[in-house]
>>> print(open('structure.txt').read())   # compact mmCIF, C-alpha atoms
# COMPACT_ATOMS: atom_id res chain seq x y z
CA MET Y 1 1.15 60.02 116.76
CA LYS Y 2 2.88 60.47 113.41
CA ASN Y 3 1.23 57.73 111.37
CA ILE Y 4 -1.41 55.04 111.82
CA ARG Y 5 1.14 52.54 110.50
CA GLU Y 6 2.95 52.86 113.82
CA LEU Y 7 -0.07 51.12 115.37
CA LEU Y 8 0.05 48.42 112.68
CA ASP Y 9 3.74 47.82 113.41
CA PHE Y 10 3.04 47.61 117.15
CA ILE Y 11 0.25 45.07 116.65
CA ASN Y 12 2.32 42.99 114.21
CA ALA Y 13 5.17 42.80 116.75
CA SER Y 14 2.91 42.03 119.73
CA LYS Y 15 2.03 38.39 119.03
CA THR Y 16 1.36 37.56 122.70
CA SER Y 17 0.94 39.51 125.93
CA HIS Y 18 4.63 38.91 126.70
CA HIS Y 19 5.65 40.35 123.34
CA ALA Y 20 3.31 43.32 123.84
CA ALA Y 21 4.87 44.17 127.21
CA HIS Y 22 8.31 43.81 125.62
CA GLU Y 23 7.37 46.17 122.78
CA VAL Y 24 6.18 48.76 125.31
CA ALA Y 25 9.49 48.39 127.17
CA VAL Y 26 11.48 48.84 123.95
CA ARG Y 27 9.71 52.13 123.27
CA LEU Y 28 10.16 53.28 126.87
CA ASP Y 29 13.88 52.45 126.70
CA ALA Y 30 14.18 54.56 123.55
CA ALA Y 31 12.52 57.46 125.37
CA GLY Y 32 15.01 57.27 128.26
CA PHE Y 33 12.93 55.36 130.81
CA THR Y 34 14.79 53.16 133.31
CA ALA Y 35 13.81 49.56 134.10
CA LEU Y 36 13.11 48.73 137.76
CA LYS Y 37 13.23 45.36 139.50
CA GLU Y 38 10.87 44.22 142.23
CA THR Y 39 13.72 42.52 144.09
CA GLU Y 40 15.82 45.69 144.40
CA ALA Y 41 15.56 48.99 146.27
CA TRP Y 42 14.50 51.93 144.08
CA GLN Y 43 16.34 55.24 143.81
CA LEU Y 44 13.94 57.52 141.92
CA SER Y 45 14.81 60.96 140.54
CA ASP Y 46 12.25 63.71 140.08
CA GLY Y 47 11.16 64.07 136.44
CA GLU Y 48 12.66 60.78 135.27
CA GLY Y 49 10.74 57.91 133.68
CA TYR Y 50 10.68 54.36 135.05
CA TYR Y 51 8.96 51.05 134.33
CA LEU Y 52 8.53 47.62 135.90
CA LEU Y 53 7.93 44.41 133.95
CA ARG Y 54 6.19 41.39 135.43
CA GLY Y 55 5.69 38.81 132.68
CA GLY Y 56 3.08 40.18 130.29
CA ALA Y 57 2.31 43.19 132.50
CA ILE Y 58 4.17 46.50 132.63
CA ILE Y 59 3.74 49.59 134.84
CA ALA Y 60 5.40 52.82 133.67
CA PHE Y 61 5.46 56.32 135.16
CA LYS Y 62 7.23 59.67 135.10
CA TYR Y 63 8.23 60.15 138.71
CA LYS Y 64 7.22 63.26 140.62
CA LYS Y 65 8.56 63.76 144.13
CA ASP Y 66 5.42 65.41 145.49
CA PRO Y 67 2.52 65.07 143.02
CA THR Y 68 -0.92 66.52 143.65
CA SER Y 69 -2.47 63.47 141.99
CA MET Y 70 -1.87 60.75 139.41
CA ALA Y 71 -3.21 60.55 135.87
CA ILE Y 72 -3.50 56.80 135.27
CA ILE Y 73 -4.44 54.91 132.11
CA SER Y 74 -4.86 51.16 132.38
CA ALA Y 75 -5.22 48.60 129.59
CA HIS Y 76 -4.44 44.93 129.01
CA SER Y 77 -1.88 43.13 126.88
CA ASP Y 78 -3.65 39.80 126.27
CA SER Y 79 -6.23 38.75 123.69
CA PRO Y 80 -8.30 35.59 123.20
CA ALA Y 81 -6.14 32.83 121.72
CA PHE Y 82 -5.29 29.14 122.01
CA LYS Y 83 -2.58 27.86 124.37
CA VAL Y 84 -0.35 25.08 123.12
CA LYS Y 85 -0.16 21.95 125.26
CA CYS Y 86 3.07 20.01 125.62
CA ILE Y 87 2.56 17.00 123.31
CA PRO Y 88 1.41 17.14 119.64
CA GLU Y 89 -1.13 14.56 118.50
CA SER Y 90 -0.97 12.14 115.57
CA VAL Y 91 -4.06 11.47 113.47
CA GLY Y 92 -3.47 9.06 110.61
CA SER Y 93 -0.33 10.34 108.91
CA TYR Y 94 -0.90 13.90 110.19
CA THR Y 95 0.48 15.77 113.19
CA ARG Y 96 -1.74 18.35 114.81
CA LEU Y 97 -0.94 20.68 117.68
CA SER Y 98 -2.87 20.11 120.87
CA VAL Y 99 -4.36 23.38 122.13
CA GLU Y 100 -6.88 24.67 124.63
CA SER Y 101 -8.79 27.94 124.54
CA TYR Y 102 -7.54 31.07 126.31
CA GLY Y 103 -10.33 33.59 126.83
CA GLY Y 104 -13.56 33.85 124.88
CA ALA Y 105 -12.65 33.87 121.20
CA ILE Y 106 -15.16 33.79 118.34
CA ASN Y 107 -14.02 30.28 117.51
CA TYR Y 108 -15.23 30.00 113.92
CA THR Y 109 -13.10 32.99 112.89
CA TRP Y 110 -9.93 30.93 113.44
CA PHE Y 111 -10.68 28.44 110.68
CA ASP Y 112 -8.65 28.45 107.46
CA ARG Y 113 -6.28 31.23 108.47
CA PRO Y 114 -2.48 31.22 108.54
CA LEU Y 115 -1.46 30.53 112.14
CA SER Y 116 1.83 30.62 114.00
CA VAL Y 117 3.12 30.12 117.53
CA ALA Y 118 4.79 32.54 119.95
CA GLY Y 119 5.23 33.03 123.67
CA ARG Y 120 7.98 32.51 126.19
CA ALA Y 121 10.22 29.60 127.12
CA LEU Y 122 12.31 28.75 130.15
CA VAL Y 123 15.79 27.91 128.86
CA SER Y 124 18.58 26.17 130.75
CA CYS Y 125 21.73 28.23 131.15
CA SER Y 126 24.86 28.30 133.26
CA GLY Y 127 23.85 28.43 136.90
CA GLY Y 128 20.12 27.93 136.33
CA ALA Y 129 17.56 29.00 133.75
CA GLU Y 130 16.25 32.17 132.13
CA MET Y 131 12.99 33.20 130.49
CA ARG Y 132 13.15 34.17 126.81
CA LEU Y 133 10.62 35.34 124.26
CA VAL Y 134 10.15 33.19 121.18
CA ASP Y 135 8.23 33.66 117.93
CA ILE Y 136 8.15 31.13 115.09
CA SER Y 137 7.16 34.08 112.84
CA GLU Y 138 6.08 32.30 109.65
CA PRO Y 139 2.72 30.48 109.44
CA ILE Y 140 3.14 26.87 110.53
CA ALA Y 141 -0.42 25.68 111.15
CA VAL Y 142 -4.03 25.89 110.00
CA ILE Y 143 -7.39 24.85 111.45
CA PRO Y 144 -9.15 23.35 108.40
CA SER Y 145 -12.90 23.57 107.94
CA VAL Y 146 -15.03 20.57 107.06
CA ALA Y 147 -16.44 20.84 103.52
CA PRO Y 148 -20.25 21.29 103.24
CA HIS Y 149 -20.41 18.03 101.25
CA LEU Y 150 -19.35 16.18 104.41
CA LYS Y 151 -21.25 18.29 106.94
CA ARG Y 152 -24.52 19.50 105.45
CA ASP Y 153 -25.44 21.74 108.39
CA ILE Y 154 -22.14 23.65 108.28
CA ASN Y 155 -23.89 26.93 107.44
CA SER Y 156 -26.85 26.52 109.74
CA SER Y 157 -26.08 24.85 113.07
CA PHE Y 158 -22.37 24.12 113.33
CA ALA Y 159 -20.91 24.84 116.80
CA PRO Y 160 -17.13 24.16 116.78
CA ASN Y 161 -15.97 21.69 119.43
CA LEU Y 162 -12.80 22.85 121.17
CA ALA Y 163 -11.38 19.34 121.55
CA THR Y 164 -11.97 18.17 117.99
CA ASP Y 165 -12.75 20.93 115.47
CA LEU Y 166 -10.26 23.52 116.72
CA GLN Y 167 -7.03 21.50 116.87
CA PRO Y 168 -4.62 22.93 114.22
CA LEU Y 169 -2.94 20.87 111.51
CA PHE Y 170 0.83 21.24 111.91
CA SER Y 171 2.32 18.71 109.49
CA ILE Y 172 1.44 15.92 107.08
CA SER Y 173 4.20 13.87 108.68
CA GLN Y 174 4.20 12.14 112.05
CA ASN Y 175 7.87 12.96 112.57
CA SER Y 176 7.44 16.73 113.00
CA SER Y 177 8.21 18.52 116.27
CA LEU Y 178 7.14 22.00 117.28
CA MET Y 179 9.84 22.03 119.96
CA ASP Y 180 12.51 21.58 117.28
CA LEU Y 181 11.32 24.88 115.77
CA VAL Y 182 11.16 26.58 119.17
CA ALA Y 183 14.70 25.49 120.05
CA GLU Y 184 15.95 26.60 116.64
CA ARG Y 185 14.45 30.09 117.07
CA LEU Y 186 15.99 30.32 120.53
CA GLY Y 187 19.38 29.11 119.30
CA VAL Y 188 19.57 26.28 121.84
CA GLU Y 189 19.32 22.50 121.96
CA LYS Y 190 15.82 21.09 122.36
CA GLU Y 191 16.79 19.53 125.69
CA ASP Y 192 17.62 23.00 127.02
CA VAL Y 193 13.99 24.17 126.65
CA LEU Y 194 12.72 23.30 130.12
CA SER Y 195 9.18 24.66 129.88
CA HIS Y 196 7.07 27.13 127.94
CA ASP Y 197 3.94 29.28 127.65
CA LEU Y 198 3.22 29.11 123.91
CA TYR Y 199 0.16 30.42 122.11
CA LEU Y 200 -1.32 29.99 118.68
CA TYR Y 201 -1.80 33.38 117.00
CA CYS Y 202 -3.32 34.65 113.79
CA ALA Y 203 -0.39 35.36 111.45
CA GLU Y 204 -2.30 37.80 109.24
CA LYS Y 205 -0.72 41.26 109.27
CA ALA Y 206 -2.52 44.35 110.46
CA SER Y 207 -3.69 46.39 107.47
CA LEU Y 208 -5.75 49.38 106.37
CA VAL Y 209 -8.97 48.78 104.42
CA GLY Y 210 -12.08 50.68 103.35
CA LYS Y 211 -12.53 53.82 101.32
CA ASP Y 212 -9.42 56.00 101.75
CA ASN Y 213 -7.96 53.37 104.13
CA GLU Y 214 -10.04 54.67 107.01
CA LEU Y 215 -10.39 51.28 108.74
CA VAL Y 216 -7.84 49.24 110.67
CA LEU Y 217 -8.25 45.47 110.13
CA ALA Y 218 -6.00 43.54 112.49
CA PRO Y 219 -5.67 40.78 115.06
CA ARG Y 220 -5.61 41.78 118.73
CA ILE Y 221 -7.05 45.31 118.36
CA ASP Y 222 -8.66 44.41 121.71
CA ASP Y 223 -6.71 45.62 123.60
CA LEU Y 224 -3.47 46.57 121.83
CA ALA Y 225 -5.09 49.69 120.39
CA SER Y 226 -5.60 50.93 123.95
CA VAL Y 227 -2.05 50.02 124.99
CA PHE Y 228 -0.67 51.86 121.97
CA GLY Y 229 -2.80 54.99 122.48
CA ALA Y 230 -1.98 55.23 126.19
CA LEU Y 231 1.74 54.71 125.55
CA ASP Y 232 1.74 57.37 122.84
CA GLY Y 233 0.11 59.78 125.28
CA LEU Y 234 2.65 59.03 128.01
CA LEU Y 235 5.61 59.55 125.70
CA ASN Y 236 4.28 62.86 124.36
CA CYS Y 237 2.64 64.51 127.37
CA LYS Y 238 3.66 67.79 128.97
CA ASP Y 239 4.78 68.09 132.57
CA SER Y 240 2.07 68.90 135.11
CA SER Y 241 1.41 68.61 138.84
CA ALA Y 242 0.03 65.08 138.33
CA MET Y 243 2.26 62.02 137.96
CA PRO Y 244 1.45 60.19 134.69
CA VAL Y 245 1.12 56.39 135.03
CA LEU Y 246 0.57 53.65 132.45
CA ALA Y 247 -0.63 50.28 133.81
CA VAL Y 248 -0.78 47.43 131.31
CA PHE Y 249 -2.08 44.23 132.89
CA ASP Y 250 -2.10 40.67 131.58
CA ASN Y 251 -4.81 37.98 131.81
CA GLU Y 252 -7.82 40.30 131.56
CA GLU Y 253 -9.43 37.85 129.14
CA VAL Y 254 -9.41 35.10 131.79
CA GLY Y 255 -10.54 37.12 134.79
CA SER Y 256 -7.43 39.06 135.96
CA SER Y 257 -6.92 36.90 139.08
CA THR Y 258 -3.30 36.05 138.33
CA LEU Y 259 0.18 37.22 139.32
CA GLU Y 260 0.17 39.68 136.40
CA GLY Y 261 -3.51 40.62 136.39
CA ALA Y 262 -5.43 43.64 137.65
CA ALA Y 263 -6.58 41.67 140.70
CA SER Y 264 -2.98 41.05 141.82
CA ASP Y 265 -0.84 43.12 144.16
CA LEU Y 266 1.27 44.48 141.26
CA PHE Y 267 -0.39 47.86 140.78
CA ALA Y 268 -0.78 48.70 144.46
CA ASP Y 269 2.77 47.56 145.26
CA VAL Y 270 4.31 49.76 142.56
CA LEU Y 271 2.32 52.84 143.61
CA GLU Y 272 2.93 52.36 147.33
CA LYS Y 273 6.64 51.86 146.78
CA THR Y 274 6.78 54.93 144.53
CA LEU Y 275 4.67 57.32 146.64
CA SER Y 276 5.54 56.02 150.11
CA ASP Y 277 3.79 58.04 152.85
CA SER Y 278 1.76 60.13 150.38
CA TYR Y 279 0.13 57.09 148.74
CA GLN Y 280 -3.35 57.35 150.27
CA ARG Y 281 -3.61 61.11 149.76
CA VAL Y 282 -2.46 61.01 146.15
CA VAL Y 283 -4.57 58.00 145.16
CA ARG Y 284 -7.81 59.60 146.38
CA ALA Y 285 -7.01 62.75 144.37
CA SER Y 286 -6.30 60.77 141.19
CA LEU Y 287 -8.29 59.70 138.13
CA MET Y 288 -7.83 56.50 136.16
CA LEU Y 289 -9.03 55.79 132.64
CA SER Y 290 -9.64 52.07 132.20
CA CYS Y 291 -9.17 51.69 128.47
CA ASP Y 292 -10.59 48.73 126.55
CA GLY Y 293 -12.54 48.08 123.35
CA ALA Y 294 -16.15 49.23 122.98
CA HIS Y 295 -18.81 47.60 120.80
CA ALA Y 296 -19.59 49.77 117.78
CA LEU Y 297 -22.98 49.93 116.07
CA HIS Y 298 -22.94 46.93 113.73
CA PRO Y 299 -23.95 47.84 110.14
CA ASN Y 300 -25.80 44.53 109.69
CA HIS Y 301 -27.31 44.29 113.17
CA PRO Y 302 -28.23 47.73 114.53
CA GLU Y 303 -30.90 46.03 116.67
CA LEU Y 304 -28.15 44.68 118.97
CA SER Y 305 -27.21 48.18 120.16
CA ASP Y 306 -28.86 50.48 122.64
CA PRO Y 307 -31.00 52.97 120.68
CA ALA Y 308 -29.40 55.97 122.42
CA CYS Y 309 -25.89 55.00 123.56
CA ARG Y 310 -24.45 53.30 120.49
CA PRO Y 311 -21.03 54.49 119.31
CA VAL Y 312 -19.97 54.34 115.69
CA LEU Y 313 -16.63 53.82 114.01
CA GLY Y 314 -14.97 57.20 113.53
CA GLY Y 315 -17.09 58.95 116.16
CA GLY Y 316 -14.34 59.53 118.72
CA VAL Y 317 -13.36 57.98 122.04
CA VAL Y 318 -16.14 56.07 123.82
CA ILE Y 319 -17.14 56.50 127.48
CA LYS Y 320 -18.79 53.33 128.82
CA TYR Y 321 -21.57 53.12 131.41
CA ASN Y 322 -23.26 50.30 133.34
CA ALA Y 323 -25.72 50.54 136.23
CA ASN Y 324 -24.31 47.40 137.85
CA ARG Y 325 -20.77 48.87 137.74
CA ARG Y 326 -19.33 46.36 135.31
CA TYR Y 327 -17.89 49.60 134.00
CA SER Y 328 -16.46 51.99 136.58
CA THR Y 329 -17.67 55.31 135.16
CA ASP Y 330 -19.57 57.45 137.65
CA ALA Y 331 -20.71 61.08 137.71
CA THR Y 332 -17.34 62.35 138.96
CA SER Y 333 -15.15 60.52 136.44
CA ASP Y 334 -17.59 61.16 133.60
CA GLY Y 335 -17.76 64.88 134.32
CA ALA Y 336 -14.01 65.26 134.68
CA LEU Y 337 -13.32 63.43 131.43
CA ARG Y 338 -15.95 65.39 129.52
CA ALA Y 339 -14.61 68.71 130.78
CA LEU Y 340 -11.09 67.74 129.76
CA ALA Y 341 -12.19 66.57 126.31
CA LYS Y 342 -14.23 69.72 125.73
CA ARG Y 343 -11.29 71.94 126.66
CA ALA Y 344 -9.04 70.01 124.25
CA GLY Y 345 -11.62 69.76 121.44
CA ILE Y 346 -11.68 65.95 121.47
CA ALA Y 347 -14.88 64.17 120.39
CA LEU Y 348 -16.49 61.72 122.82
CA GLN Y 349 -19.36 59.27 122.38
CA CYS Y 350 -21.19 57.00 124.82
CA TYR Y 351 -21.81 53.29 125.14
CA ALA Y 352 -24.26 51.34 127.26
CA ASN Y 353 -25.51 47.80 126.73
CA ARG Y 354 -29.01 47.32 125.39
CA ALA Y 355 -31.06 46.83 128.56
CA ASP Y 356 -31.87 43.19 127.78
CA LEU Y 357 -28.39 42.23 126.54
CA PRO Y 358 -25.85 42.08 129.39
CA GLY Y 359 -22.34 42.79 128.14
CA GLY Y 360 -18.81 42.16 129.31
CA SER Y 361 -16.73 43.97 131.88
CA THR Y 362 -13.28 45.52 131.98
CA LEU Y 363 -10.38 45.60 134.39
CA GLY Y 364 -11.32 49.00 135.85
CA SER Y 365 -13.71 47.63 138.48
CA ILE Y 366 -11.20 44.89 139.35
CA ALA Y 367 -8.20 47.19 139.71
CA THR Y 368 -10.08 49.64 141.92
CA THR Y 369 -10.68 46.93 144.54
CA ARG Y 370 -6.91 47.03 145.12
CA VAL Y 371 -6.24 50.71 144.38
CA PRO Y 372 -9.18 52.97 145.42
CA VAL Y 373 -8.98 55.47 142.58
CA THR Y 374 -11.85 57.25 140.82
CA THR Y 375 -12.19 55.63 137.40
CA ALA Y 376 -13.88 56.05 134.03
CA ASP Y 377 -14.13 53.23 131.48
CA ILE Y 378 -13.29 54.33 127.96
CA GLY Y 379 -12.21 52.75 124.68
CA VAL Y 380 -12.12 52.70 120.91
CA ALA Y 381 -15.27 51.54 119.11
CA GLN Y 382 -14.71 48.32 117.18
CA LEU Y 383 -16.48 45.56 115.29
CA ALA Y 384 -16.00 41.80 115.69
CA MET Y 385 -14.53 42.02 119.20
CA HIS Y 386 -12.78 38.71 120.08
CA SER Y 387 -12.58 37.66 116.45
CA ALA Y 388 -9.25 36.40 115.08
CA VAL Y 389 -9.27 39.72 113.15
CA GLU Y 390 -11.08 42.83 114.37
CA THR Y 391 -11.97 46.24 112.89
CA CYS Y 392 -11.78 49.83 114.14
CA ALA Y 393 -11.46 53.31 112.63
CA ALA Y 394 -8.03 54.86 112.16
CA SER Y 395 -9.37 58.27 113.19
CA ASP Y 396 -10.44 56.91 116.57
CA ILE Y 397 -6.87 55.80 117.27
CA TYR Y 398 -5.72 59.38 116.66
CA SER Y 399 -8.47 60.61 119.02
CA LEU Y 400 -7.38 58.17 121.73
CA CYS Y 401 -3.75 59.29 121.43
CA ASP Y 402 -4.83 62.93 121.67
CA LEU Y 403 -7.02 62.24 124.71
CA ALA Y 404 -4.25 60.28 126.46
CA ARG Y 405 -1.75 63.09 125.87
CA GLU Y 406 -4.16 65.77 127.13
CA PHE Y 407 -5.16 63.68 130.15
CA TYR Y 408 -1.57 63.05 131.18
CA SER Y 409 -0.77 66.76 130.74
CA ALA Y 410 -3.79 68.24 132.52
CA GLY Y 411 -2.85 68.02 136.22
CA LEU Y 412 -6.44 67.04 137.05
CA VAL Y 413 -7.31 66.59 140.76
CA ILE Y 414 -10.35 64.78 142.18
CA GLU Y 415 -11.69 66.56 145.26
CA ASN Y 416 -14.83 65.92 147.37
CA GLY Y 417 -16.70 64.26 144.50
CA GLY Y 418 -15.75 67.05 142.12
CA PHE Y 419 -12.56 67.92 140.29
CA LYS Y 420 -10.10 70.67 139.48
CA LEU Y 421 -8.50 71.22 136.08
>>> encode(input="structure.txt", output="structure tokens")
Amino acid sequence: MKNIRELLDFINASKTSHHAAHEVAVRLDAAGFTALKETEAWQLSDGEGYYLLRGGAIIAFKYKKDPTSMAIISAHSDSPAFKVKCIPESVGSYTRLSVESYGGAINYTWFDRPLSVAGRALVSCSGGAEMRLVDISEPIAVIPSVAPHLKRDINSSFAPNLATDLQPLFSISQNSSLMDLVAERLGVEKEDVLSHDLYLYCAEKASLVGKDNELVLAPRIDDLASVFGALDGLLNCKDSSAMPVLAVFDNEEVGSSTLEGAASDLFADVLEKTLSDSYQRVVRASLMLSCDGAHALHPNHPELSDPACRPVLGGGVVIKYNANRRYSTDATSDGALRALAKRAGIALQCYANRADLPGGSTLGSIATTRVPVTTADIGVAQLAMHSAVETCAASDIYSLCDLAREFYSAGLVIENGGFKL
């Protein structure tokens, strides 16, 4: 990776999961990858790059005719947000957008921030309809706090109500229409917008903060940092006996059980269609890195972290462990990853939940129920996960890019519970 500002640009452009998948496709196009369609037969050439888009998910690979294994990195394109309903609401002389929560956001972090709307819309056209991306771009809404004079417990016991407190103010007029703006951005008449999946997003730009700009402060670091690092590795890896694969799924924040999620048929279908008769053999010899954010040691609350396995910002890529397999790392995947990192001189650190504080899970354990591949859960350490704006260390992004490049280039093979490098 040339500059950390490439990550900032990627995050700023990826307002929704659909925009993130599009941004990945744009970069793959520039690198000479060819788009595939699920409804067509595939003619694949050895050594060439290909990708398949399904909504907010994208699977990319450099095809090998007879690979010994696959080097797979998975991540997700979505982040906690608020989905826009169809009809705005009037309150007094105001118009507010009607929204419902998507995923598990830290709700109070969305107050008093510049907000905008983006997503996709189904637009009428000659002979039918087509799906298009849309982004209002400039801030058009705000979720206003209640002043402490009117709510005396605001700093002690306030729990925002999704149906009342978290509905964004859109206009001080009752005659304002969000769909007018959507149609204008799409360059069509409002009547031609047949349907939509629109989301409220934090319009603050990704930035560098801290002494010597060592911290990244940005919306959607979870999990766009992983998508960016894996993509950078794929585009800069060397050829090996393993076929490099990038799998970016959507809807991880709401359980992955969707058409575009890790629990769908998407991943298995792409691999089976690509590998044909060698699918089972190659999958069992492969290693996947399920890449998602990891909780860093919090400077104000160190007691929330495990006393031994607590990663810090700037400490390198995190390997994640859980006895109940909410993370997929086992002895085989852990050992293989550590051997690779040691050979390449890449720093690793570990994460496990404090024993009495159960944590979240990632898509690794979900994806492996459909594709039986040995997997390790990894990620970049971050603070304020699921906040409207999150924090990580710039140096850890560089480490993730380096690890992704080395992993894709290594030709690693899983064999009888062990591995070959």
>>> closest_residue(input="structure.txt", among="Y:Leu198, Y:Ser278, Y:Ala394, Y:Asn213", to="Ile4 (chain Y)", atoms="all atoms listed in the file")
Y:Ala394
>>> residues_around(input="structure.txt", residues="region 91-94 of chain Y", least_positions_apart="6", cutoff="12 Å", atoms="only C-alpha atoms", output="ChimeraX atom specification")
/Y:141,164,167-177
>>> residues_around(input="structure.txt", residues="region 377-387 of chain Y", least_positions_apart="4", cutoff="7 Å", atoms="all atoms listed in the file", output="JSON, numbers by chain")
{"Y": [80, 104, 105, 106, 109, 222, 226, 289, 290, 291, 292, 293, 294, 295, 296, 298, 311, 312, 313, 317, 318, 319, 320, 327, 328, 329, 364, 391, 392, 396]}
>>> closest_atom_pairs(input="structure.txt", of="region 69-164 of chain Y", to="region 233-246 of chain Y", cutoff="12 Å", atoms="all atoms listed in the file", output="Markdown table")
| residue | atom | partner | partner_atom | distance |
| --- | --- | --- | --- | --- |
| Y:Ser69 | CA | Y:Ala242 | CA | 4.7 |
| Y:Met70 | CA | Y:Met243 | CA | 4.6 |
| Y:Ala71 | CA | Y:Pro244 | CA | 4.8 |
| Y:Ile72 | CA | Y:Val245 | CA | 4.6 |
| Y:Ile73 | CA | Y:Leu246 | CA | 5.2 |
| Y:Ser74 | CA | Y:Leu246 | CA | 6.0 |
| Y:Ala75 | CA | Y:Leu246 | CA | 8.2 |
| Y:His76 | CA | Y:Leu246 | CA | 10.6 |
>>> axis_aligned_box(input="structure.txt", around="region 311-330 of chain Y", padding_each_side="5 Å", output="lines of an AutoDock Vina configuration file")
center_x = -19.5
center_y = 52.9
center_z = 125.7
size_x = 22.4
size_y = 23.2
size_z = 34.3
>>> atom_distance(input="structure.txt", atom1="CA of Asp223 (chain Y)", atom2="CA of Phe10 (chain Y)")
11.9 Å
>>> closest_residue(input="structure.txt", among="Y:Val413, Y:Ala247, Y:Leu217, Y:Ala393", to="Arg281 (chain Y)", atoms="only C-alpha atoms")
Y:Val413
>>> closest_residue(input="structure.txt", among="Y:Lys37, Y:His18, Y:Arg220, Y:Lys151", to="Ala121 (chain Y)", atoms="all atoms listed in the file")
Y:His18
>>> atom_distance(input="structure.txt", atom1="CA of Ala13 (chain Y)", atom2="CA of Ser207 (chain Y)")
13.3 Å
>>> atom_distance(input="structure.txt", atom1="CA of Ala285 (chain Y)", atom2="CA of Asn251 (chain Y)")
27.9 Å
>>> closest_residue(input="structure.txt", among="Y:Gly229, Y:Glu89, Y:Gly417, Y:Gly335", to="Leu403 (chain Y)", atoms="all atoms listed in the file")
Y:Gly229
>>> residues_near_point(input="structure.txt", point="(-7.2, 54.2, 146.5)", cutoff="7 Å", atoms="only C-alpha atoms", output="MDAnalysis selection string")
chainID Y and resid 280 283:284 371:373
>>> closest_atom_pairs(input="structure.txt", of="region 188-249 of chain Y", to="region 123-128 of chain Y", cutoff="6 Å", atoms="all atoms listed in the file", output="Markdown table")
| residue | atom | partner | partner_atom | distance |
| --- | --- | --- | --- | --- |
| Y:Asp192 | CA | Y:Ser124 | CA | 5.0 |
| Y:Val193 | CA | Y:Val123 | CA | 4.7 |
| Y:Leu194 | CA | Y:Val123 | CA | 5.7 |
>>> closest_residue(input="structure.txt", among="Y:Ser257, Y:Val99, Y:Ala410, Y:Trp42", to="Arg343 (chain Y)", atoms="all atoms listed in the file")
Y:Ala410
>>> residues_around(input="structure.txt", residues="Gly418 (chain Y)", least_positions_apart="2", cutoff="9 Å", atoms="all atoms listed in the file", output="MDAnalysis selection string")
chainID Y and resid 331:333 335:336 413:416 420
